[in-house]
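Step one of this worksheet: look at the structure below.
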Amino acid sequence: MPFTHEQIQRLRHRHRGYILTLATEVLLILLLPFCQSQDWLLSLLLISLAVVLITTVTRYSPLISTRPLVYGLGGLAIALEGVWHLALAFDPPLGRIVTVPHVIAWLVFFLVAVVRKVKTLVREPFVTLAVVMGATSGYLLVGIAGGVMLVALWVLHPGAFDISALPMLQQRDADAVAMAPALMAASFTILTTVGSAVLRSSDVTGQVLTVVITIAGQLYIAILIALILGRFHSRPG
């Protein structure tokens, strides 16, 4: 089936978006140690990731019906990120109140983005290096969403965590901002099935969340690889 010039251009922009998304996620992971001392850095990286997802992959995705939903959720998450930091700086009680909707907004945005990424990848006409990188970025996005879930659990149920497993944070205020980098890193260790000691083995809620992150990552790999291989086409000359 021949492609129009517009379709080819959208395909190229979307594939560049896959590569840029993966680069942003890798940068976020590598900079997590620096986020411990610079509270604003993780927020900046999350906002950058949201902007990349919205302006590249979402914008040029063939899925049109859910595009406004991603735009709205992404804009809400970015706005609440700014409000959250301002509230924590000038009115800490208000900041603690804003923490819950702020974390939920990011969580819903990333979950919708992951589902949409899978649907977009399945509709790709060719399996190229950019598509493989897009699939990898989706896997890392599952880990980032898991980190947001761990932050939400810390806000709602801090007793699920073993503070002794977070030595760098013992001398700081154990708020969501200080905890976020360590919990984000813990999410990736859980995602890779290595496991993490930050959650108490006796806490059911924490263990359920661990199982959810692990299974989500394994299902993503199994299902997406099967779907991509099932739709493989030789790229025309």
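Residues are named by chain letter and number: chains run A, B, ... in the order of the structure tokens, numbers start at 1 in each chain, and ligands are numbered from 1 in the order shown.
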
### 12 Å contact set for range 89-95 of chain A, only C-alpha atoms, chain neighbours under 2 positions out, as a PyMOL selection string
chain A and resi 39-40+80-87+97-103+155+175-177

Please produce a file of those selected residues containing C-alpha atoms, as a PDB file, in the first residue's frame.
```
ATOM      1  CA  ASP A  39      14.939  18.685  44.342  1.00  0.00           C
ATOM      2  CA  TRP A  40      13.858  20.601  41.248  1.00  0.00           C
ATOM      3  CA  LEU A  80       0.184  20.613  39.260  1.00  0.00           C
ATOM      4  CA  GLU A  81       3.951  20.016  39.345  1.00  0.00           C
ATOM      5  CA  GLY A  82       4.546  23.758  39.397  1.00  0.00           C
ATOM      6  CA  VAL A  83       1.754  24.430  41.887  1.00  0.00           C
ATOM      7  CA  TRP A  84       3.044  21.646  44.130  1.00  0.00           C
ATOM      8  CA  HIS A  85       6.574  23.054  44.371  1.00  0.00           C
ATOM      9  CA  LEU A  86       5.317  26.590  44.925  1.00  0.00           C
ATOM     10  CA  ALA A  87       2.947  25.406  47.639  1.00  0.00           C
ATOM     11  CA  ILE A  97      -2.727  18.647  50.349  1.00  0.00           C
ATOM     12  CA  VAL A  98      -1.752  19.166  46.699  1.00  0.00           C
ATOM     13  CA  THR A  99       0.621  16.170  46.813  1.00  0.00           C
ATOM     14  CA  VAL A 100      -2.116  13.566  46.366  1.00  0.00           C
ATOM     15  CA  PRO A 101      -3.839  15.046  43.265  1.00  0.00           C
ATOM     16  CA  HIS A 102      -0.413  15.947  41.860  1.00  0.00           C
ATOM     17  CA  VAL A 103       0.848  12.361  42.099  1.00  0.00           C
ATOM     18  CA  VAL A 155       2.187   9.814  50.649  1.00  0.00           C
ATOM     19  CA  ASP A 175       8.594  14.241  52.345  1.00  0.00           C
ATOM     20  CA  ALA A 176       7.531  13.221  48.857  1.00  0.00           C
ATOM     21  CA  VAL A 177      10.058  15.531  47.180  1.00  0.00           C
TER      22      VAL A 177
END
```

What are the closest atom pairs, with distances in Å to one decimal, for all residues of range 33-147 of chain A lying within 7 Å of range 17-23 of chain A? Consider only C-alpha atoms, order rows by chain and residue number, and present the result as CSV.
```
residue,atom,partner,partner_atom,distance
A:Leu49,CA,A:Thr21,CA,6.7
A:Val52,CA,A:Thr21,CA,6.2
A:Leu53,CA,A:Thr21,CA,6.6
A:Thr56,CA,A:Gly17,CA,4.7
A:Val57,CA,A:Gly17,CA,5.3
A:Ala130,CA,A:Ile19,CA,6.3
A:Met133,CA,A:Ile19,CA,6.1
A:Gly134,CA,A:Tyr18,CA,4.5
A:Ser137,CA,A:Leu22,CA,4.6
```

Those residues you just picked out, can you put them in a file as a CSV table (one decimal), in the first residue's frame with all heavy atoms?
```csv
chain,number,residue,atom,x,y,z
A,49,LEU,N,10.0,15.1,29.9
A,49,LEU,CA,9.5,13.8,29.3
A,49,LEU,C,8.0,14.0,28.8
A,49,LEU,O,7.6,13.5,27.8
A,49,LEU,CB,9.6,12.7,30.3
A,49,LEU,CG,9.0,11.3,29.9
A,49,LEU,CD1,9.7,10.8,28.7
A,49,LEU,CD2,9.2,10.3,31.1
A,52,VAL,N,8.0,16.0,25.6
A,52,VAL,CA,8.4,15.2,24.5
A,52,VAL,C,7.3,14.2,24.0
A,52,VAL,O,7.0,14.1,22.8
A,52,VAL,CB,9.7,14.4,24.9
A,52,VAL,CG1,10.0,13.4,23.8
A,52,VAL,CG2,10.8,15.4,25.0
A,53,LEU,N,6.7,13.5,25.0
A,53,LEU,CA,5.6,12.6,24.7
A,53,LEU,C,4.4,13.3,23.9
A,53,LEU,O,3.9,12.8,23.0
A,53,LEU,CB,5.1,11.9,25.9
A,53,LEU,CG,6.0,10.9,26.5
A,53,LEU,CD1,5.5,10.4,27.9
A,53,LEU,CD2,6.1,9.6,25.6
A,56,THR,N,5.7,15.0,20.3
A,56,THR,CA,6.2,14.1,19.2
A,56,THR,C,5.3,12.8,19.0
A,56,THR,O,4.6,12.7,18.1
A,56,THR,CB,7.6,13.7,19.6
A,56,THR,OG1,7.7,13.0,20.9
A,56,THR,CG2,8.5,14.9,19.6
A,57,VAL,N,5.4,11.9,20.0
A,57,VAL,CA,4.7,10.6,19.8
A,57,VAL,C,3.2,10.8,19.8
A,57,VAL,O,2.5,10.3,18.9
A,57,VAL,CB,5.1,9.7,20.9
A,57,VAL,CG1,4.3,8.4,20.8
A,57,VAL,CG2,6.6,9.4,21.0
A,130,ALA,N,14.0,2.6,15.0
A,130,ALA,CA,13.3,3.6,15.7
A,130,ALA,C,12.1,2.9,16.4
A,130,ALA,O,11.8,3.3,17.6
A,130,ALA,CB,12.8,4.7,14.8
A,133,MET,N,13.4,1.1,19.4
A,133,MET,CA,13.7,2.1,20.5
A,133,MET,C,12.4,2.7,21.1
A,133,MET,O,12.4,2.9,22.3
A,133,MET,CB,14.5,3.3,19.9
A,133,MET,CG,15.9,2.8,19.4
A,133,MET,SD,16.9,4.1,18.7
A,133,MET,CE,17.4,5.0,20.1
A,134,GLY,N,11.4,2.8,20.3
A,134,GLY,CA,10.1,3.2,20.9
A,134,GLY,C,9.5,2.2,21.8
A,134,GLY,O,9.0,2.5,22.9
A,137,SER,N,11.4,2.5,25.0
A,137,SER,CA,11.0,3.7,25.8
A,137,SER,C,9.7,3.4,26.5
A,137,SER,O,9.5,3.9,27.6
A,137,SER,CB,10.9,4.9,24.8
A,137,SER,OG,9.8,4.8,24.0
```

### Message
Based on the backbone DSSP call, show me all residues of range 91-236 of chain A assigned alpha helix (DSSP H), as an NGL selection string.
### Response
:A and (92-122 or 129-156 or 176-191 or 204-230)

#### Entry: Neighbour list for Val198 in chain A as a ChimeraX atom specification, cut-off 12 Å, only C-alpha atoms, skip fewer than 2 positions in-chain
/A:150-151,153-154,158-167,169,179,182-187,189-190,195-196,200-203,206-207,210

### Message
Rounded to one decimal, what separation in Å do you get between CA of Gly147 in chain A and CA of Arg96 in chain A?
### Response
18.5 Å

### Residue contacts of Val112 in chain A (12 Å, only C-alpha atoms) excluding same-chain residues fewer than 3 positions away, as a list in words
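Everything that qualifies: Ala50, Leu53, Ile54, Thr58, Thr66, Arg67, Pro68, Leu69, Val70, Tyr71, Gly72, Leu73, Gly74, Ala105, Trp106, Leu107, Val108, Phe109, Val115, Arg116, Lys117, Val118, Lys119, Gly138, Leu141, Val142 and Ala145 of chain A.
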
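Note that CA of Arg16 in chain A and CA of Leu129 in chain A are 10.8 Å apart.
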